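The structure file data30.cif is reproduced below (mmCIF, C-alpha atoms).
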```cif
data_model
loop_
_atom_site.label_atom_id
_atom_site.label_comp_id
_atom_site.auth_asym_id
_atom_site.auth_seq_id
_atom_site.Cartn_x
_atom_site.Cartn_y
_atom_site.Cartn_z
CA MET A 1 -8.12 18.76 8.52
CA ARG A 2 -7.28 22.05 10.02
CA LEU A 3 -3.65 23.02 9.88
CA ALA A 4 -1.97 25.30 12.33
CA THR A 5 -1.50 28.79 10.98
CA VAL A 6 2.07 29.64 10.34
CA PRO A 7 3.28 33.22 9.94
CA ASP A 8 4.44 34.11 6.42
CA SER A 9 7.92 35.01 7.48
CA GLY A 10 9.97 33.25 10.11
CA PRO A 11 11.28 29.72 10.36
CA GLU A 12 10.33 27.17 7.75
CA PRO A 13 7.03 25.48 8.63
CA PRO A 14 7.33 21.84 9.69
CA PRO A 15 6.38 19.40 6.90
CA ASP A 16 2.74 18.36 6.98
CA ASP A 17 1.62 14.78 7.65
CA ALA A 18 0.84 14.07 4.02
CA SER A 19 4.36 14.85 2.84
CA LEU A 20 5.87 12.99 5.79
CA ILE A 21 3.90 9.82 5.11
CA ALA A 22 4.80 10.00 1.41
CA ARG A 23 8.46 9.99 2.44
CA VAL A 24 7.89 7.19 4.93
CA ALA A 25 6.30 5.20 2.09
CA ARG A 26 9.65 5.46 0.31
CA GLY A 27 11.50 4.12 3.34
CA ASP A 28 12.60 7.43 4.91
CA GLU A 29 13.26 6.73 8.60
CA SER A 30 13.77 10.36 9.57
CA ALA A 31 10.31 11.27 8.22
CA TYR A 32 8.97 8.37 10.25
CA GLU A 33 10.71 9.74 13.32
CA SER A 34 9.00 13.10 12.83
CA LEU A 35 5.60 11.39 12.71
CA PHE A 36 6.50 9.40 15.79
CA ASP A 37 7.43 12.58 17.67
CA ARG A 38 4.24 14.22 16.56
CA TYR A 39 1.79 11.50 17.58
CA ALA A 40 3.26 8.73 19.74
CA SER A 41 2.84 10.53 23.02
CA GLY A 42 -0.83 11.32 22.33
CA ALA A 43 -1.35 7.76 21.09
CA TYR A 44 0.04 6.46 24.35
CA GLY A 45 -2.23 8.85 26.26
CA LEU A 46 -5.24 7.41 24.45
CA ALA A 47 -4.15 3.78 24.85
CA VAL A 48 -3.50 4.13 28.56
CA ARG A 49 -6.81 5.86 29.09
CA VAL A 50 -8.63 2.95 27.43
CA VAL A 51 -6.70 -0.04 28.79
CA ARG A 52 -5.36 1.56 32.02
CA ASP A 53 -2.37 -0.75 32.15
CA PRO A 54 0.76 1.24 31.13
CA ASP A 55 2.64 -1.85 29.87
CA LEU A 56 -0.27 -2.94 27.73
CA ALA A 57 -0.66 0.61 26.43
CA ARG A 58 2.98 0.64 25.40
CA ASP A 59 2.57 -2.65 23.51
CA ILE A 60 -0.44 -1.25 21.70
CA VAL A 61 1.33 1.93 20.63
CA GLN A 62 4.41 -0.01 19.61
CA GLU A 63 2.36 -2.34 17.37
CA ALA A 64 0.31 0.47 15.88
CA MET A 65 3.37 2.63 15.19
CA LEU A 66 5.14 -0.31 13.57
CA GLN A 67 2.10 -0.86 11.37
CA VAL A 68 2.34 2.75 10.24
CA TRP A 69 5.84 1.94 9.06
CA THR A 70 5.02 -1.34 7.30
CA HIS A 71 1.75 -0.12 5.77
CA ALA A 72 2.84 3.40 4.79
CA PRO A 73 3.27 2.36 1.12
CA ARG A 74 -0.43 1.43 1.12
CA TYR A 75 -1.67 4.56 2.87
CA ASP A 76 -4.38 6.17 0.78
CA ARG A 77 -5.04 9.80 1.43
CA LYS A 78 -8.60 9.50 0.19
CA GLN A 79 -9.41 7.30 3.18
CA GLY A 80 -8.55 9.99 5.71
CA SER A 81 -5.71 11.88 7.34
CA VAL A 82 -2.61 10.25 8.79
CA ARG A 83 -3.80 11.23 12.24
CA ALA A 84 -7.19 9.58 11.75
CA TRP A 85 -5.47 6.44 10.43
CA LEU A 86 -3.03 6.20 13.31
CA PHE A 87 -5.54 6.88 16.06
CA THR A 88 -7.95 4.39 14.51
CA LEU A 89 -5.19 1.75 14.62
CA VAL A 90 -4.41 2.53 18.25
CA HIS A 91 -8.01 2.71 19.36
CA ARG A 92 -9.09 -0.51 17.63
CA ARG A 93 -6.20 -2.38 19.20
CA ALA A 94 -6.95 -0.96 22.64
CA VAL A 95 -10.62 -1.90 22.36
CA ASP A 96 -9.79 -5.39 21.06
CA ARG A 97 -7.56 -5.97 24.05
CA ILE A 98 -10.10 -5.01 26.63
CA ARG A 99 -12.83 -6.99 24.89
CA SER A 100 -10.92 -10.22 24.56
CA GLU A 101 -11.95 -12.64 27.28
CA GLN A 102 -8.38 -13.27 28.22
CA ALA A 103 -7.99 -9.66 29.26
CA GLY A 104 -10.95 -10.15 31.57
CA SER A 105 -9.14 -11.84 34.41
CA ASP A 106 -5.77 -10.18 33.84
CA ARG A 107 -7.33 -6.81 34.02
CA GLU A 108 -9.03 -7.26 37.35
CA LYS A 109 -5.65 -7.70 38.93
CA LYS A 110 -3.98 -4.86 37.14
CA VAL A 111 -6.64 -2.19 37.52
CA GLY A 112 -5.96 -1.83 41.21
CA ARG A 113 -2.34 -1.15 40.58
CA ALA A 114 -2.87 1.00 37.52
CA ALA A 115 -5.28 3.21 39.40
CA PHE A 116 -2.32 4.64 41.24
CA GLU A 117 -0.28 4.96 38.10
CA ARG A 118 -2.55 7.04 35.91
CA PRO A 119 -0.39 9.52 34.08
CA HIS A 120 -0.39 13.04 35.38
CA ASP A 121 -2.19 15.53 33.28
CA HIS A 122 1.16 16.64 32.11
CA VAL A 123 0.89 19.66 29.88
CA SER A 124 2.81 19.18 26.70
CA ALA A 125 5.70 21.51 26.09
CA ASP A 126 4.26 21.97 22.67
CA VAL A 127 1.98 24.96 23.06
CA GLU A 128 0.07 24.17 19.91
CA ARG A 129 -0.76 20.75 21.20
CA GLY A 130 -1.78 22.27 24.52
CA LEU A 131 -4.17 24.56 22.72
CA GLU A 132 -5.62 21.69 20.79
CA ILE A 133 -6.20 19.66 23.93
CA ARG A 134 -7.99 22.64 25.36
CA ARG A 135 -10.07 23.13 22.24
CA VAL A 136 -11.24 19.52 22.37
CA ARG A 137 -12.11 19.79 26.07
CA VAL A 138 -14.17 22.89 25.45
CA ALA A 139 -15.95 21.11 22.60
CA LEU A 140 -16.65 18.11 24.86
CA ASP A 141 -18.05 20.42 27.54
CA ASP A 142 -20.37 21.84 24.95
CA LEU A 143 -22.14 18.50 24.45
CA THR A 144 -25.27 17.54 26.34
CA PRO A 145 -24.42 15.44 29.41
CA LEU A 146 -25.92 12.35 27.76
CA GLN A 147 -23.96 12.83 24.54
CA ARG A 148 -20.75 13.35 26.44
CA GLU A 149 -21.24 10.39 28.72
CA ALA A 150 -22.15 8.09 25.85
CA ILE A 151 -19.11 9.13 23.81
CA GLU A 152 -16.76 8.82 26.76
CA LEU A 153 -18.01 5.36 27.67
CA ALA A 154 -17.68 4.16 24.09
CA TYR A 155 -14.43 5.81 23.13
CA PHE A 156 -12.46 5.91 26.35
CA ARG A 157 -13.77 2.78 28.04
CA GLY A 158 -14.28 0.68 24.96
CA TYR A 159 -17.96 -0.05 25.61
CA THR A 160 -20.12 -1.29 22.75
CA HIS A 161 -23.24 0.73 21.99
CA THR A 162 -25.24 -2.05 23.63
CA GLN A 163 -23.21 -1.69 26.82
CA VAL A 164 -23.50 2.09 26.67
CA ALA A 165 -27.30 1.74 26.51
CA GLU A 166 -27.23 -0.70 29.43
CA VAL A 167 -25.02 1.41 31.67
CA LEU A 168 -26.86 4.65 30.96
CA ASP A 169 -30.20 2.86 31.17
CA ILE A 170 -31.42 4.22 27.84
CA PRO A 171 -32.91 2.42 24.79
CA LEU A 172 -30.36 1.13 22.28
CA GLY A 173 -31.72 3.44 19.58
CA THR A 174 -31.10 6.42 21.85
CA ALA A 175 -27.54 5.28 22.50
CA LYS A 176 -26.83 5.01 18.76
CA THR A 177 -28.35 8.40 18.14
CA ARG A 178 -26.49 10.12 20.99
CA LEU A 179 -23.17 8.66 19.82
CA ARG A 180 -23.75 9.92 16.33
CA ASP A 181 -25.21 13.34 17.03
CA GLY A 182 -22.64 13.92 19.76
CA LEU A 183 -19.86 13.27 17.27
CA ILE A 184 -21.52 15.50 14.70
CA ARG A 185 -21.70 18.30 17.23
CA LEU A 186 -18.05 17.80 18.10
CA ARG A 187 -17.16 17.81 14.43
CA ASP A 188 -18.99 21.09 13.93
CA SER A 189 -17.43 22.81 16.89
CA LEU A 190 -13.97 21.54 15.96
CA GLU A 191 -14.59 22.39 12.30
CA VAL A 192 -13.28 19.11 11.01
CA THR A 193 -13.47 18.58 7.29
CA SER A 194 -11.83 15.63 5.67
CA MET B 1 -33.62 -0.27 7.29
CA THR B 2 -31.30 2.20 5.60
CA GLU B 3 -32.42 4.81 8.09
CA SER B 4 -31.50 2.69 11.09
CA ILE B 5 -28.24 1.32 9.73
CA HIS B 6 -27.17 4.89 8.97
CA LEU B 7 -27.31 5.57 12.71
CA LEU B 8 -24.51 3.06 13.22
CA VAL B 9 -22.02 5.56 11.83
CA GLY B 10 -21.49 6.93 15.35
CA PRO B 11 -20.86 3.62 17.13
CA TYR B 12 -18.79 2.39 14.16
CA VAL B 13 -16.43 5.33 14.24
CA LEU B 14 -16.01 4.94 18.01
CA ASP B 15 -15.28 1.19 17.59
CA ALA B 16 -18.42 0.52 19.62
CA LEU B 17 -19.88 -2.23 17.41
CA ASP B 18 -19.22 -5.89 17.99
CA ASP B 19 -17.46 -7.95 15.28
CA THR B 20 -20.58 -9.07 13.46
CA GLU B 21 -22.12 -5.60 13.49
CA THR B 22 -18.85 -4.15 12.21
CA ILE B 23 -18.78 -6.51 9.25
CA ALA B 24 -22.44 -5.87 8.48
CA PHE B 25 -21.89 -2.13 8.65
CA GLU B 26 -18.78 -2.26 6.48
CA GLU B 27 -20.78 -4.20 3.92
CA HIS B 28 -23.36 -1.41 4.01
CA LEU B 29 -20.62 1.21 3.66
CA ARG B 30 -19.50 -0.28 0.37
CA GLY B 31 -22.77 0.71 -1.18
CA CYS B 32 -23.53 3.94 0.69
CA GLU B 33 -21.61 7.02 -0.34
CA ASP B 34 -23.34 9.21 2.29
CA CYS B 35 -22.25 6.95 5.11
CA ARG B 36 -18.70 6.73 3.76
CA GLN B 37 -18.45 10.49 3.72
CA GLU B 38 -19.81 10.76 7.24
CA VAL B 39 -17.51 8.02 8.52
CA SER B 40 -14.55 9.79 7.04
CA GLU B 41 -15.48 13.10 8.69
CA LEU B 42 -16.37 11.65 12.05
CA ARG B 43 -13.26 9.53 12.11
CA GLU B 44 -11.23 12.75 11.95
CA THR B 45 -13.26 14.02 14.89
CA ALA B 46 -12.69 10.83 16.89
CA ALA B 47 -8.96 11.05 16.13
CA LEU B 48 -8.93 14.56 17.58
CA LEU B 49 -10.57 13.22 20.73
CA GLY B 50 -7.89 10.57 20.91
CA SER B 51 -4.93 12.78 20.18
CA ALA B 52 -6.09 15.34 22.71
CA GLN B 53 -5.24 12.99 25.56
CA ALA B 54 -2.44 14.21 27.74
CA GLY B 55 0.43 12.00 26.76
CA ASP B 56 3.51 10.87 28.53
CA ASP B 57 7.19 10.63 27.84
CA VAL B 58 7.68 7.92 25.26
CA ALA B 59 11.45 8.18 24.76
CA ASP B 60 12.13 4.54 25.65
CA LEU B 61 9.30 3.39 23.42
CA LYS B 62 10.75 5.47 20.63
CA ALA B 63 14.11 3.76 20.94
CA THR B 64 12.39 0.35 20.72
CA VAL B 65 10.24 1.27 17.73
CA MET B 66 13.04 2.99 15.79
CA GLY B 67 15.12 -0.14 16.32
CA GLN B 68 12.33 -2.31 14.95
CA VAL B 69 11.76 0.02 12.03
CA SER B 70 15.40 -0.20 10.98
CA ARG B 71 15.09 -3.96 10.57
CA THR B 72 11.51 -4.34 9.33
CA ALA B 73 10.60 -4.44 5.64
CA GLN B 74 7.67 -2.36 4.42
CA LEU B 75 4.80 -3.87 2.45
CA PRO B 76 4.83 -3.21 -1.27
CA PRO B 77 2.26 -0.65 -2.42
CA GLN B 78 -1.03 -2.00 -3.69
CA VAL B 79 -1.45 -1.39 -7.36
CA ARG B 80 -5.07 -0.65 -8.04
CA GLY B 81 -6.76 -0.85 -11.42
CA ALA B 82 -3.46 -1.47 -13.21
CA HIS B 83 -5.26 -2.73 -16.29
CA GLY B 84 -7.41 0.38 -16.44
CA LYS B 85 -11.10 0.21 -17.09
CA PRO B 86 -12.32 0.54 -20.65
CA ARG B 87 -13.15 4.17 -21.25
CA VAL B 88 -16.66 4.33 -22.62
CA GLY B 89 -16.31 8.00 -23.44
CA ARG B 90 -13.30 7.48 -25.63
CA SER B 91 -14.66 4.54 -27.58
CA LEU B 92 -17.78 6.57 -28.27
CA GLY B 93 -15.73 9.51 -29.52
CA TRP B 94 -15.80 8.60 -33.20
CA LEU B 95 -19.45 7.80 -32.97
CA ALA B 96 -20.30 11.35 -32.13
CA ALA B 97 -20.62 12.14 -35.81
CA ALA B 98 -22.62 9.02 -36.57
CA ALA B 99 -26.36 8.67 -36.53
CA ALA B 100 -27.93 9.65 -33.23
CA ALA B 101 -29.92 6.41 -33.16
CA VAL B 102 -26.74 4.36 -33.13
CA VAL B 103 -25.33 6.38 -30.28
CA ALA B 104 -28.56 6.01 -28.36
CA LEU B 105 -28.50 2.24 -28.82
CA VAL B 106 -24.95 1.98 -27.59
CA LEU B 107 -25.80 4.10 -24.57
CA VAL B 108 -28.88 2.05 -23.77
CA GLY B 109 -26.68 -1.04 -23.93
CA ASN B 110 -24.32 0.48 -21.42
CA VAL B 111 -27.05 1.53 -19.07
CA ARG B 112 -28.44 -2.00 -19.14
CA GLU B 113 -25.06 -3.44 -18.42
CA GLN B 114 -24.67 -1.04 -15.51
CA GLN B 115 -28.08 -1.93 -14.19
CA GLN B 116 -27.33 -5.62 -14.41
CA LYS B 117 -24.13 -5.02 -12.51
CA ILE B 118 -25.93 -3.04 -9.84
CA THR B 119 -28.63 -5.71 -9.50
CA ALA B 120 -25.97 -8.41 -9.21
CA MET B 121 -24.18 -6.35 -6.59
CA ASN B 122 -27.36 -5.81 -4.59
CA GLU B 123 -28.16 -9.51 -4.68
CA HIS B 124 -24.67 -10.25 -3.52
CA THR B 125 -24.97 -7.72 -0.69
CA THR B 126 -28.30 -9.20 0.38
CA GLU B 127 -26.76 -12.65 0.53
CA VAL B 128 -23.78 -11.38 2.50
CA MET B 129 -25.97 -9.42 4.90
CA ALA B 130 -28.28 -12.39 5.48
CA LEU B 131 -25.37 -14.52 6.59
CA ILE B 132 -23.60 -12.00 8.78
CA THR B 133 -26.77 -10.94 10.51
CA ALA B 134 -27.82 -14.54 11.28
CA ASP B 135 -28.42 -15.00 15.02
CA ASP B 136 -25.67 -17.56 15.40
CA ALA B 137 -23.16 -15.96 12.99
CA LYS B 138 -19.62 -16.45 14.21
CA VAL B 139 -16.72 -14.42 12.91
CA MET B 140 -13.28 -16.02 12.97
CA PRO B 141 -10.04 -14.47 11.86
CA LEU B 142 -8.43 -16.03 8.78
CA ALA B 143 -4.71 -15.39 8.44
CA LEU B 144 -4.47 -14.71 4.71
CA PRO B 145 -1.17 -12.90 4.17
CA ASP B 146 -1.09 -9.08 3.99
CA SER B 147 -4.81 -8.72 4.49
CA SER B 148 -7.46 -8.52 7.10
CA SER B 149 -9.64 -11.55 6.48
CA THR B 150 -12.29 -13.47 8.31
CA VAL B 151 -14.56 -16.47 7.97
CA VAL B 152 -18.20 -15.98 8.89
CA VAL B 153 -20.11 -19.15 9.77
CA SER B 154 -23.75 -19.75 10.56
CA MET B 155 -24.67 -23.31 11.49
CA GLN B 156 -28.37 -22.40 11.44
CA ARG B 157 -28.12 -21.35 7.81
CA ASN B 158 -25.59 -24.10 7.10
CA GLU B 159 -23.46 -21.52 5.31
CA ALA B 160 -20.06 -19.95 5.59
CA MET B 161 -18.19 -17.25 3.72
CA VAL B 162 -14.63 -16.05 3.39
CA MET B 163 -14.35 -12.26 3.61
CA ALA B 164 -11.13 -10.51 2.72
CA GLN B 165 -10.00 -6.91 2.80
CA ASP B 166 -6.83 -5.50 1.24
CA LEU B 167 -6.01 -8.93 -0.16
CA PRO B 168 -3.46 -8.83 -3.00
CA ALA B 169 -4.47 -10.54 -6.26
CA PRO B 170 -3.10 -14.10 -6.60
CA SER B 171 -0.16 -14.77 -8.92
CA GLU B 172 -0.72 -14.47 -12.67
CA GLY B 173 -3.00 -17.22 -13.96
CA MET B 174 -4.00 -18.29 -10.45
CA VAL B 175 -7.17 -17.94 -8.37
CA TYR B 176 -7.93 -18.36 -4.69
CA GLN B 177 -9.77 -21.55 -3.82
CA THR B 178 -11.56 -22.40 -0.59
CA TRP B 179 -11.52 -25.97 0.73
CA ALA B 180 -13.82 -27.64 3.24
CA TYR B 181 -12.40 -30.48 5.34
CA ASP B 182 -14.36 -33.23 7.04
CA SER B 183 -13.23 -34.50 10.43
CA ALA B 184 -11.05 -37.15 8.72
CA GLY B 185 -9.17 -34.37 6.93
CA ASN B 186 -10.54 -34.97 3.41
CA ALA B 187 -10.71 -31.78 1.35
CA THR B 188 -13.72 -30.85 -0.80
CA PRO B 189 -13.54 -27.89 -3.23
CA ALA B 190 -15.68 -25.02 -1.86
CA GLY B 191 -15.37 -22.39 -4.55
CA THR B 192 -12.79 -20.32 -6.44
CA TRP B 193 -12.75 -16.56 -6.20
CA MET B 194 -10.77 -13.39 -6.81
CA PRO B 195 -10.56 -10.18 -4.77
CA ASP B 196 -11.74 -7.05 -6.61
CA GLU B 197 -9.42 -4.18 -7.50
CA GLY B 198 -9.64 -2.80 -3.98
CA GLY B 199 -8.62 -6.17 -2.52
CA TYR B 200 -12.14 -6.98 -1.28
CA ALA B 201 -13.79 -10.37 -1.54
CA ALA B 202 -16.85 -12.02 0.00
CA ALA B 203 -16.82 -15.63 -1.19
CA PRO B 204 -19.59 -17.92 0.12
CA LEU B 205 -18.60 -21.57 0.44
CA THR B 206 -20.23 -23.65 -2.26
CA THR B 207 -20.59 -26.58 0.14
CA PRO B 208 -22.79 -26.87 3.24
CA VAL B 209 -20.90 -26.48 6.49
CA SER B 210 -22.73 -28.94 8.73
CA ASP B 211 -20.08 -31.67 8.27
CA CYS B 212 -17.23 -29.25 7.94
CA ALA B 213 -14.45 -29.41 10.54
CA ALA B 214 -12.12 -26.83 9.02
CA ILE B 215 -11.59 -24.71 5.94
CA SER B 216 -8.49 -23.52 4.17
CA VAL B 217 -7.62 -21.26 1.25
CA THR B 218 -4.96 -22.06 -1.38
CA GLU B 219 -3.81 -20.54 -4.64
CA GLU B 220 -4.76 -22.76 -7.55
CA PRO B 221 -4.49 -22.53 -11.34
CA SER B 222 -7.37 -20.66 -13.00
CA GLY B 223 -10.52 -22.75 -12.97
CA GLY B 224 -9.61 -24.37 -9.67
CA SER B 225 -8.40 -27.86 -8.73
CA ALA B 226 -10.09 -31.03 -7.54
CA GLN B 227 -7.61 -31.34 -4.66
CA PRO B 228 -5.30 -28.71 -3.19
CA THR B 229 -2.05 -28.48 -5.16
CA SER B 230 -0.27 -26.08 -2.79
CA GLU B 231 0.15 -25.46 0.91
CA PRO B 232 -2.79 -23.63 2.50
CA LEU B 233 -2.27 -19.87 2.81
CA ALA B 234 -4.52 -19.94 5.84
CA MET B 235 -6.66 -22.42 7.72
CA VAL B 236 -9.42 -22.19 10.34
CA GLU B 237 -10.90 -24.99 12.42
CA PHE B 238 -14.59 -24.79 13.25
#
```

Spell out the structure here as structure tokens.
Amino acid sequence: MRLATVPDSGPEPPPDDASLIARVARGDESAYESLFDRYASGAYGLAVRVVRDPDLARDIVQEAMLQVWTHAPRYDRKQGSVRAWLFTLVHRRAVDRIRSEQAGSDREKKVGRAAFERPHDHVSADVERGLEIRRVRVALDDLTPLQREAIELAYFRGYTHTQVAEVLDIPLGTAKTRLRDGLIRLRDSLEVTS
Amino acid sequence: MTESIHLLVGPYVLDALDDTETIAFEEHLRGCEDCRQEVSELRETAALLGSAQAGDDVADLKATVMGQVSRTAQLPPQVRGAHGKPRVGRSLGWLAAAAAAVVALVLVGNVREQQQKITAMNEHTTEVMALITADDAKVMPLALPDSSSTVVVSMQRNEAMVMAQDLPAPSEGMVYQTWAYDSAGNATPAGTWMPDEGGYAAAPLTTPVSDCAAISVTEEPSGGSAQPTSEPLAMVEF
């Protein structure tokens, strides 16, 4: 993972995720609070983009964040960064919700309302975060239209690869390939190494 | 086959596989280092996509969560490989000075053992894959404590299997045992099993499932019991 560059002199750098989660694993609530401040807002942004309903999105983030607390002692660095872990928890939950049949009928009713309640593109006070959001947008723009569309349908709308193929009217094999090579291209332009 | 399943890395990381495909792919991941590496990298990428969403004020949510945190116990850490694997290198240390032939024999023995293990593992994987890729395979959650577990059932194949992830080992001297119930509620033993060091298990039922109305899992003394001797840890009705 790429860490923000911090000047040699100046204020003490904020603790990184790995040391925070190690403290959380030992029951440190203030370390947990720092992680919450770092990621909860973005997690909510993702959840609300996938499920649309702000109340549902809140529930999802609440459950996922609580799981970070209860499961911190079992967090294994080798399986990925704290950020990847947390956003995987949030995303899986969001996708599960919209795929469960029960959500089917509930959602119809709520989408109309939620359409007027989509959060403003409110620019975070945190400049670093703002830059990162920008960096990701630029990387997304750099994909082919088909790669971008496939990834957005899958990740932000919770479509399965079969549904992606259906909606984009492309063979299933093509959908799988676009999802994978699109991600690889994103990885390369964002220089992610785990 | 390997070629095409490798392509599922993208959909998997984006949570764009259905339940059965996810289980099948995770089974593949266990044996494919390349895919694991790629999943781990691409998952970081997906997380960046997710975290780059413009957020919102979550102050009220924070108050709720911090309140919950202050009264919620954390899970104990999972102790992996506590017994430590026998170190082949060390036990061979004193042999280094001995006749080369002896060393060679010992090594051949080890290689064979490894190969047998790998063959057994591949056979196991094939069996698991055959069930979860069956046309009518159904995946049902199984509420084993502190784990993410499922039961996979195929009526066509007349087979079912308990799959567990992150499942703690049973108490000392105990094993997990699966039970199959008929519609009258009579329990038949359907196999004893243990999770591996990583908490993973894929335990096929040793009984056919055509007459099976429900299954449960209990902890039983080593060797298993003829009838359940403790309350079920989890139960699923078919």

Contacts of Gly173 of chain A at 10 Å or less, counting all atoms listed in the file, minus same-chain residues fewer than 4 places along, as a PDB file with C-alpha atoms, keeping the file's coordinate frame?
```pdb
ATOM      1  CA  HIS A 161     -23.240   0.730  21.990  1.00  0.00           C
ATOM      2  CA  THR A 162     -25.240  -2.050  23.630  1.00  0.00           C
ATOM      3  CA  ALA A 165     -27.300   1.740  26.510  1.00  0.00           C
ATOM      4  CA  THR A 177     -28.350   8.400  18.140  1.00  0.00           C
ATOM      5  CA  ARG A 178     -26.490  10.120  20.990  1.00  0.00           C
TER       6      ARG A 178
ATOM      7  CA  SER B   4     -31.500   2.690  11.090  1.00  0.00           C
ATOM      8  CA  LEU B   7     -27.310   5.570  12.710  1.00  0.00           C
ATOM      9  CA  LEU B   8     -24.510   3.060  13.220  1.00  0.00           C
TER      10      LEU B   8
END
```

- Item | Output check: residues returned by the PyMOL selection byres ((chain A) within 7 of (chain B)), as a ChimeraX atom specification | /A:41-46,62,66,69-71,73-74,79-80,83-84,87-88,92,119,121-123,132-133,136,154-155,158-161,176-177,179-180,183-184,186-187,192-194

- Message: Selection in question (the file shown): the PyMOL selection byres ((chain A and resi 18) around 8). Which residues does it include, as a PyMOL selection string?
- Response: chain A and resi 16-17+19-22+77+81-82

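Separating atom CA of Gln163 of chain A from atom CA of Met161 of chain B is a distance of 28.3 Å.
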
- Task: Find the distance between atom CA of Glu172 of chain B and atom CA of Asn186 of chain B and write it in Å to one decimal.
- Result: 27.8 Å

- Between atom CA of Val90 of chain A and atom CA of Arg137 of chain A - distance in Å to one decimal: 20.5 Å

- Task: Neighbourhood query: residues within 10 Å of (-5.7, -14.2, -9.6), file coordinates, counting all atoms listed in the file; return as JSON, numbers by chain.
- Result: {"B": [168, 169, 170, 171, 172, 173, 174, 175, 176, 192, 193, 194, 195, 196, 219, 220, 221, 222]}

Go ahead and write the selection's residues with C-alpha atoms as a PDB file, in the frame of the given file.
```
ATOM      1  CA  PRO B 168      -3.460  -8.830  -3.000  1.00  0.00           C
ATOM      2  CA  ALA B 169      -4.470 -10.540  -6.260  1.00  0.00           C
ATOM      3  CA  PRO B 170      -3.100 -14.100  -6.600  1.00  0.00           C
ATOM      4  CA  SER B 171      -0.160 -14.770  -8.920  1.00  0.00           C
ATOM      5  CA  GLU B 172      -0.720 -14.470 -12.670  1.00  0.00           C
ATOM      6  CA  GLY B 173      -3.000 -17.220 -13.960  1.00  0.00           C
ATOM      7  CA  MET B 174      -4.000 -18.290 -10.450  1.00  0.00           C
ATOM      8  CA  VAL B 175      -7.170 -17.940  -8.370  1.00  0.00           C
ATOM      9  CA  TYR B 176      -7.930 -18.360  -4.690  1.00  0.00           C
ATOM     10  CA  THR B 192     -12.790 -20.320  -6.440  1.00  0.00           C
ATOM     11  CA  TRP B 193     -12.750 -16.560  -6.200  1.00  0.00           C
ATOM     12  CA  MET B 194     -10.770 -13.390  -6.810  1.00  0.00           C
ATOM     13  CA  PRO B 195     -10.560 -10.180  -4.770  1.00  0.00           C
ATOM     14  CA  ASP B 196     -11.740  -7.050  -6.610  1.00  0.00           C
ATOM     15  CA  GLU B 219      -3.810 -20.540  -4.640  1.00  0.00           C
ATOM     16  CA  GLU B 220      -4.760 -22.760  -7.550  1.00  0.00           C
ATOM     17  CA  PRO B 221      -4.490 -22.530 -11.340  1.00  0.00           C
ATOM     18  CA  SER B 222      -7.370 -20.660 -13.000  1.00  0.00           C
TER      19      SER B 222
END
```

- Query: Around (-26.9, -21.9, 15.7) in the file's own coordinates, what residues are found within 6 Å if you use all atoms listed in the file, given back as number ranges by chain?
  - Reply: B: 136, 155-156

- Message: Residue by residue, what does the PyMOL selection byres ((chain B and resi 203) around 9) grab here? Present the result as a ChimeraX atom specification.
- Response: /B:128,160-164,178,191-194,201-202,204-206

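Of the residues listed (A:Gly182, A:Asp59, A:Glu128, A:Ala175), A:Gly182 shows the shortest atom-to-atom separation from Arg148 of chain A; distances use only C-alpha atoms.
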
- Note on the structure: Using only C-alpha atoms, the shortest atom-to-atom distance to Ile132 of chain B among B:Gln165, B:Ser216, B:Glu159, B:Ser148 belongs to B:Glu159
